[in-house]
>>> print(open('input-v8.cif').read())   # mmCIF, C-alpha atoms and all ligand atoms
data_input
loop_
_atom_site.label_atom_id
_atom_site.label_comp_id
_atom_site.auth_asym_id
_atom_site.auth_seq_id
_atom_site.Cartn_x
_atom_site.Cartn_y
_atom_site.Cartn_z
CA MET T 1 164.27 -201.43 -153.22
CA GLU T 2 164.69 -201.69 -156.96
CA ILE T 3 164.73 -198.29 -158.68
CA PHE T 4 164.81 -197.67 -162.40
CA SER T 5 165.47 -194.26 -163.78
CA PHE T 6 164.43 -193.15 -167.21
CA THR T 7 163.74 -190.05 -169.20
CA ILE T 8 160.64 -188.97 -171.11
CA HIS T 9 161.38 -186.55 -173.92
CA PHE T 10 158.81 -183.88 -174.62
CA LYS T 11 158.90 -181.33 -177.40
CA ILE T 12 160.49 -178.63 -175.30
CA ASN T 13 161.60 -179.93 -171.95
CA ILE T 14 162.90 -183.17 -170.47
CA LEU T 15 161.32 -184.44 -167.27
CA ARG T 16 163.01 -187.03 -165.11
CA PHE T 17 160.96 -189.79 -163.50
CA VAL T 18 161.69 -192.73 -161.26
CA MET T 19 160.09 -196.14 -161.16
CA LYS T 20 159.92 -197.87 -157.80
CA LEU T 21 159.05 -201.51 -157.46
CA LEU T 22 155.62 -201.92 -155.85
CA LEU T 23 154.92 -205.62 -156.49
CA SER T 24 157.55 -208.12 -157.56
CA GLU T 25 156.99 -210.84 -160.13
CA LYS T 26 157.02 -213.39 -157.31
CA GLU T 27 154.40 -211.53 -155.27
CA ILE T 28 152.18 -211.13 -158.32
CA GLN T 29 152.46 -214.79 -159.34
CA ARG T 30 151.71 -215.94 -155.80
CA LYS T 31 148.60 -213.73 -155.70
CA VAL T 32 147.43 -214.80 -159.16
CA GLY T 33 147.77 -218.43 -158.04
CA ALA T 34 145.68 -217.74 -154.94
CA LEU T 35 143.01 -215.98 -157.00
CA ALA T 36 142.93 -218.85 -159.52
CA ARG T 37 142.50 -221.41 -156.73
CA LYS T 38 139.68 -219.42 -155.08
CA ILE T 39 137.89 -218.83 -158.38
CA SER T 40 138.30 -222.48 -159.43
CA ARG T 41 136.79 -223.58 -156.10
CA ASP T 42 133.87 -221.16 -156.44
CA PHE T 43 133.10 -222.30 -160.00
CA SER T 44 133.90 -225.96 -159.34
CA GLY T 45 132.63 -228.23 -162.12
CA ARG T 46 131.45 -225.30 -164.25
CA GLU T 47 132.96 -223.76 -167.34
CA VAL T 48 133.94 -220.11 -166.94
CA LEU T 49 134.00 -217.56 -169.74
CA LEU T 50 136.82 -215.12 -169.02
CA ILE T 51 136.34 -211.68 -170.55
CA GLY T 52 139.54 -209.68 -170.67
CA VAL T 53 139.22 -205.89 -170.80
CA LEU T 54 141.85 -204.73 -173.30
CA LYS T 55 144.49 -203.83 -173.27
CA GLY T 56 145.68 -203.82 -169.67
CA ALA T 57 144.23 -207.18 -168.59
CA PHE T 58 145.84 -209.39 -171.22
CA ILE T 59 148.88 -210.49 -169.19
CA PHE T 60 146.94 -211.01 -165.96
CA MET T 61 144.31 -213.01 -167.84
CA ALA T 62 146.93 -215.20 -169.51
CA ASP T 63 148.47 -216.11 -166.15
CA LEU T 64 145.12 -216.48 -164.36
CA ALA T 65 143.68 -218.75 -167.06
CA ARG T 66 146.73 -221.03 -166.96
CA LYS T 67 146.51 -221.39 -163.17
CA MET T 68 142.78 -222.17 -163.09
CA THR T 69 141.68 -225.78 -162.77
CA THR T 70 138.12 -225.40 -164.08
CA PRO T 71 137.54 -225.36 -167.87
CA VAL T 72 137.78 -221.84 -169.28
CA LYS T 73 136.95 -220.10 -172.52
CA MET T 74 138.24 -216.64 -173.31
CA ASP T 75 137.12 -213.53 -175.12
CA PHE T 76 138.16 -209.88 -175.08
CA ILE T 77 136.43 -206.52 -175.13
CA ARG T 78 137.80 -203.01 -175.52
CA LEU T 79 136.23 -199.85 -174.15
CA ALA T 80 136.92 -196.16 -174.58
CA SER T 81 135.90 -193.24 -172.41
CA TYR T 82 134.61 -190.01 -173.89
CA GLY T 83 136.04 -186.74 -172.64
CA SER T 84 139.56 -185.48 -172.08
CA GLU T 85 142.51 -187.69 -171.10
CA THR T 86 142.41 -186.58 -167.48
CA GLN T 87 138.71 -185.91 -166.91
CA SER T 88 136.35 -188.71 -167.77
CA SER T 89 132.87 -187.59 -168.75
CA GLY T 90 131.56 -190.89 -167.45
CA LYS T 91 130.47 -192.00 -170.92
CA VAL T 92 132.00 -195.24 -172.12
CA LYS T 93 131.64 -196.96 -175.48
CA ILE T 94 132.61 -200.42 -176.72
CA THR T 95 135.24 -200.15 -179.45
CA LYS T 96 135.84 -203.90 -179.82
CA ASP T 97 132.96 -206.15 -178.86
CA LEU T 98 132.89 -209.79 -177.73
CA GLU T 99 132.52 -212.58 -180.26
CA THR T 100 130.90 -214.95 -177.75
CA PRO T 101 127.20 -214.93 -176.74
CA LEU T 102 126.84 -214.64 -172.97
CA GLN T 103 123.37 -216.09 -172.47
CA GLY T 104 123.40 -218.83 -169.83
CA LYS T 105 127.16 -218.62 -169.29
CA ASP T 106 129.18 -218.12 -166.11
CA VAL T 107 131.08 -214.96 -166.96
CA LEU T 108 134.11 -213.56 -165.17
CA VAL T 109 135.29 -210.10 -166.23
CA VAL T 110 139.08 -209.80 -165.87
CA GLU T 111 140.44 -206.30 -165.17
CA ASP T 112 143.98 -205.18 -164.47
CA ILE T 113 142.86 -202.25 -162.33
CA ILE T 114 139.72 -200.55 -161.01
CA ASP T 115 140.16 -196.84 -160.50
CA THR T 116 137.04 -194.64 -160.58
CA GLY T 117 134.98 -197.73 -161.42
CA ILE T 118 133.22 -195.93 -164.27
CA THR T 119 134.52 -198.27 -166.99
CA LEU T 120 133.54 -201.38 -165.09
CA GLN T 121 130.13 -200.09 -164.06
CA HIS T 122 129.27 -199.34 -167.66
CA LEU T 123 130.63 -202.69 -168.85
CA LEU T 124 128.68 -204.69 -166.28
CA GLN T 125 125.46 -202.88 -167.19
CA ARG T 126 126.01 -203.69 -170.86
CA LEU T 127 126.94 -207.34 -170.22
CA GLN T 128 124.00 -207.91 -167.88
CA THR T 129 121.58 -207.19 -170.75
CA ARG T 130 123.06 -210.23 -172.56
CA ARG T 131 121.63 -212.48 -169.82
CA PRO T 132 124.63 -214.44 -168.51
CA ARG T 133 123.92 -217.11 -165.89
CA SER T 134 126.31 -215.31 -163.55
CA LEU T 135 128.50 -212.22 -163.87
CA ARG T 136 131.49 -211.63 -161.61
CA VAL T 137 134.65 -209.54 -161.68
CA VAL T 138 138.26 -210.20 -160.81
CA ALA T 139 140.68 -207.26 -160.65
CA LEU T 140 144.36 -207.64 -159.95
CA LEU T 141 144.61 -204.10 -158.55
CA ASP T 142 142.01 -201.94 -156.85
CA LYS T 143 142.25 -198.26 -155.96
CA PRO T 144 139.25 -197.84 -153.65
CA GLY T 145 140.32 -194.31 -152.75
CA ARG T 146 139.63 -193.16 -156.31
CA ARG T 147 136.15 -194.64 -156.65
CA LYS T 148 133.41 -192.43 -158.12
CA VAL T 149 130.70 -195.09 -158.29
CA ASP T 150 129.52 -197.67 -155.77
CA LEU T 151 131.14 -200.81 -157.10
CA GLN T 152 133.36 -203.63 -155.83
CA ALA T 153 135.01 -206.54 -157.59
CA ASP T 154 134.19 -210.05 -156.42
CA TYR T 155 137.89 -210.95 -156.36
CA VAL T 156 140.72 -208.47 -155.79
CA GLY T 157 144.45 -209.15 -155.86
CA PHE T 158 145.95 -206.07 -154.23
CA GLN T 159 144.54 -202.78 -152.95
CA VAL T 160 146.85 -199.93 -153.89
CA GLU T 161 147.19 -196.28 -152.95
CA ASN T 162 146.57 -193.55 -155.46
CA HIS T 163 149.85 -194.08 -157.33
CA PHE T 164 150.39 -194.15 -161.06
CA VAL T 165 151.37 -197.76 -161.67
CA VAL T 166 152.90 -199.48 -164.70
CA GLY T 167 153.97 -203.00 -165.64
CA TYR T 168 152.27 -206.40 -165.88
CA GLY T 169 149.88 -205.06 -168.54
CA LEU T 170 149.62 -201.49 -167.24
CA ASP T 171 151.11 -198.76 -169.38
CA CYS T 172 152.27 -195.19 -169.58
CA ALA T 173 151.74 -193.98 -173.14
CA GLU T 174 151.77 -197.67 -174.23
CA GLU T 175 155.16 -198.41 -172.65
CA TYR T 176 156.04 -200.82 -169.82
CA ARG T 177 153.15 -203.26 -170.29
CA ASN T 178 155.71 -206.07 -170.64
CA LEU T 179 157.43 -205.55 -167.28
CA ARG T 180 157.13 -208.60 -165.02
CA GLY T 181 156.64 -206.54 -161.86
CA ILE T 182 154.42 -203.55 -161.07
CA TYR T 183 156.11 -200.20 -160.50
CA VAL T 184 155.05 -196.81 -159.17
CA LEU T 185 155.88 -194.06 -161.60
CA GLY T 186 156.74 -190.78 -159.95
CA LYS T 187 158.63 -187.55 -160.43
CA ASN T 188 162.20 -187.60 -159.27
CA SER T 189 162.43 -185.28 -156.29
CA GLU T 190 166.17 -184.66 -156.82
C1 LIG T 201 142.28 -198.87 -167.46
C2 LIG T 201 141.94 -200.20 -166.82
C3 LIG T 201 140.44 -200.16 -166.71
C4 LIG T 201 140.14 -198.69 -166.56
C5 LIG T 201 139.87 -198.40 -165.13
O1 LIG T 201 142.18 -198.98 -168.84
O2 LIG T 201 142.37 -201.27 -167.59
O3 LIG T 201 139.81 -200.69 -167.84
O4 LIG T 201 141.31 -197.95 -166.97
O5 LIG T 201 139.59 -197.03 -164.94
P1 LIG T 201 138.26 -196.53 -164.25
O6 LIG T 201 137.96 -197.43 -163.09
O7 LIG T 201 138.60 -195.12 -163.80
O8 LIG T 201 137.15 -196.52 -165.25
P2 LIG T 201 142.76 -197.85 -169.83
O9 LIG T 201 141.64 -196.93 -170.21
O10 LIG T 201 143.97 -197.22 -169.22
O11 LIG T 201 143.13 -198.67 -171.13
P3 LIG T 201 144.24 -199.81 -171.33
O12 LIG T 201 143.83 -200.98 -170.48
O13 LIG T 201 144.18 -200.10 -172.77
O14 LIG T 201 145.59 -199.25 -170.90
#
>>> encode(input="input-v8.cif", output="structure tokens")
Amino acid sequence: MEIFSFTIHFKINILRFVMKLLLSEKEIQRKVGALARKISRDFSGREVLLIGVLKGAFIFMADLARKMTTPVKMDFIRLASYGSETQSSGKVKITKDLETPLQGKDVLVVEDIIDTGITLQHLLQRLQTRRPRSLRVVALLDKPGRRKVDLQADYVGFQVENHFVVGYGLDCAEEYRNLRGIYVLGKNSE
């Protein structure tokens, strides 16, 4: 198993963390290919509007879009949760809206990860009011054990345990989004 070790410097103390490979680049690319084939079959002959939820979904969406065989258009949206960093109040606002009207379109929301589901639930409610022809969701990662609302994606890449994961778009304080694999970030027990 591949293990990276690194150090995060805080004002007073230094904590040591380890990163363990959870999903390799090869595993991810194979899964993204399978998702793209399934989605392309389901939307056969129709144009799909991919909506990437910034920032985490941008790498997944780039790979997914290039593996799809149906025509696609792309747009992005950014959301922010109210409340503290660790405790979501459940209120979500759009901080960067779409530039594309949704009315009559086949829309596929592209998420890197679904955790509590609060972000996605709010987003779907907002998008539904714009009267798309269809509205579906693809998420590369799903943490069903963390769900606080009753919600499931139409297409899921991998179900993961309640780990803190980084890489392939996912960050820790804006770092590691550019890693090709997905890693579990944990405290070093040594
Ligand atoms: C992540 C992820 C989802 C959301 C899921 O975004 O991309 O949008 O959290 O969490 P939830 O299911 O508990 O609502 P994040 O807020 O970390 O922003 P980022 O994509 O810019 O890193």
>>> atom_distance(input="input-v8.cif", atom1="atom CA of Glu111 of chain T", atom2="atom CA of Gly181 of chain T")
16.5 Å
>>> closest_atom_pairs(input="input-v8.cif", of="chain T", to="ligand LIG 201 (chain T)", cutoff="7 Å", atoms="all atoms listed in the file", output="tab-separated table")
residue	atom	partner	partner_atom	distance
T:Val53	CA	T:LIG201	O3	6.0
T:Leu54	CA	T:LIG201	O12	5.1
T:Lys55	CA	T:LIG201	O13	3.8
T:Gly56	CA	T:LIG201	O12	3.5
T:Ala57	CA	T:LIG201	O2	6.3
T:Ala80	CA	T:LIG201	O9	6.5
T:Glu111	CA	T:LIG201	O2	5.9
T:Asp112	CA	T:LIG201	O2	5.3
T:Ile113	CA	T:LIG201	C2	5.0
T:Ile114	CA	T:LIG201	O6	4.1
T:Asp115	CA	T:LIG201	O6	3.4
T:Thr116	CA	T:LIG201	O7	3.6
T:Gly117	CA	T:LIG201	O6	3.4
T:Ile118	CA	T:LIG201	O8	4.1
T:Thr119	CA	T:LIG201	O8	3.6
T:Leu120	CA	T:LIG201	O8	6.1
T:Leu170	CA	T:LIG201	O14	5.9
T:Asp171	CA	T:LIG201	O14	5.7
>>> closest_residue(input="input-v8.cif", among="T:Asp142, T:His122, T:Pro71, T:Arg133", to="Pro101 of chain T", atoms="all atoms listed in the file")
T:Arg133
>>> atom_distance(input="input-v8.cif", atom1="atom CA of Ser134 of chain T", atom2="atom CA of Ile94 of chain T")
20.9 Å
>>> residues_around(input="input-v8.cif", residues="Ala65 of chain T", least_positions_apart="3", cutoff="12 Å", atoms="only C-alpha atoms", output="PyMOL selection string")
chain T and resi 32-33+35-37+39-40+47-52+57-62+68-75+108+110+138
>>> atom_distance(input="input-v8.cif", atom1="atom CA of Ala139 of chain T", atom2="atom CA of Val109 of chain T")
8.3 Å
>>> closest_residue(input="input-v8.cif", among="T:Pro144, T:Val92, T:Arg130, T:Gly157", to="Arg30 of chain T", atoms="all atoms listed in the file")
T:Gly157
>>> closest_residue(input="input-v8.cif", among="T:Leu135, T:Val160, T:Leu141, T:Leu22", to="Leu123 of chain T", atoms="all atoms listed in the file")
T:Leu135
>>> closest_residue(input="input-v8.cif", among="T:Thr95, T:Arg146, T:Asn162, T:Val156", to="Ser81 of chain T", atoms="all atoms listed in the file")
T:Thr95
>>> closest_residue(input="input-v8.cif", among="T:Arg180, T:Lys96, T:Lys187, T:Arg78", to="Ile28 of chain T", atoms="all atoms listed in the file")
T:Arg180
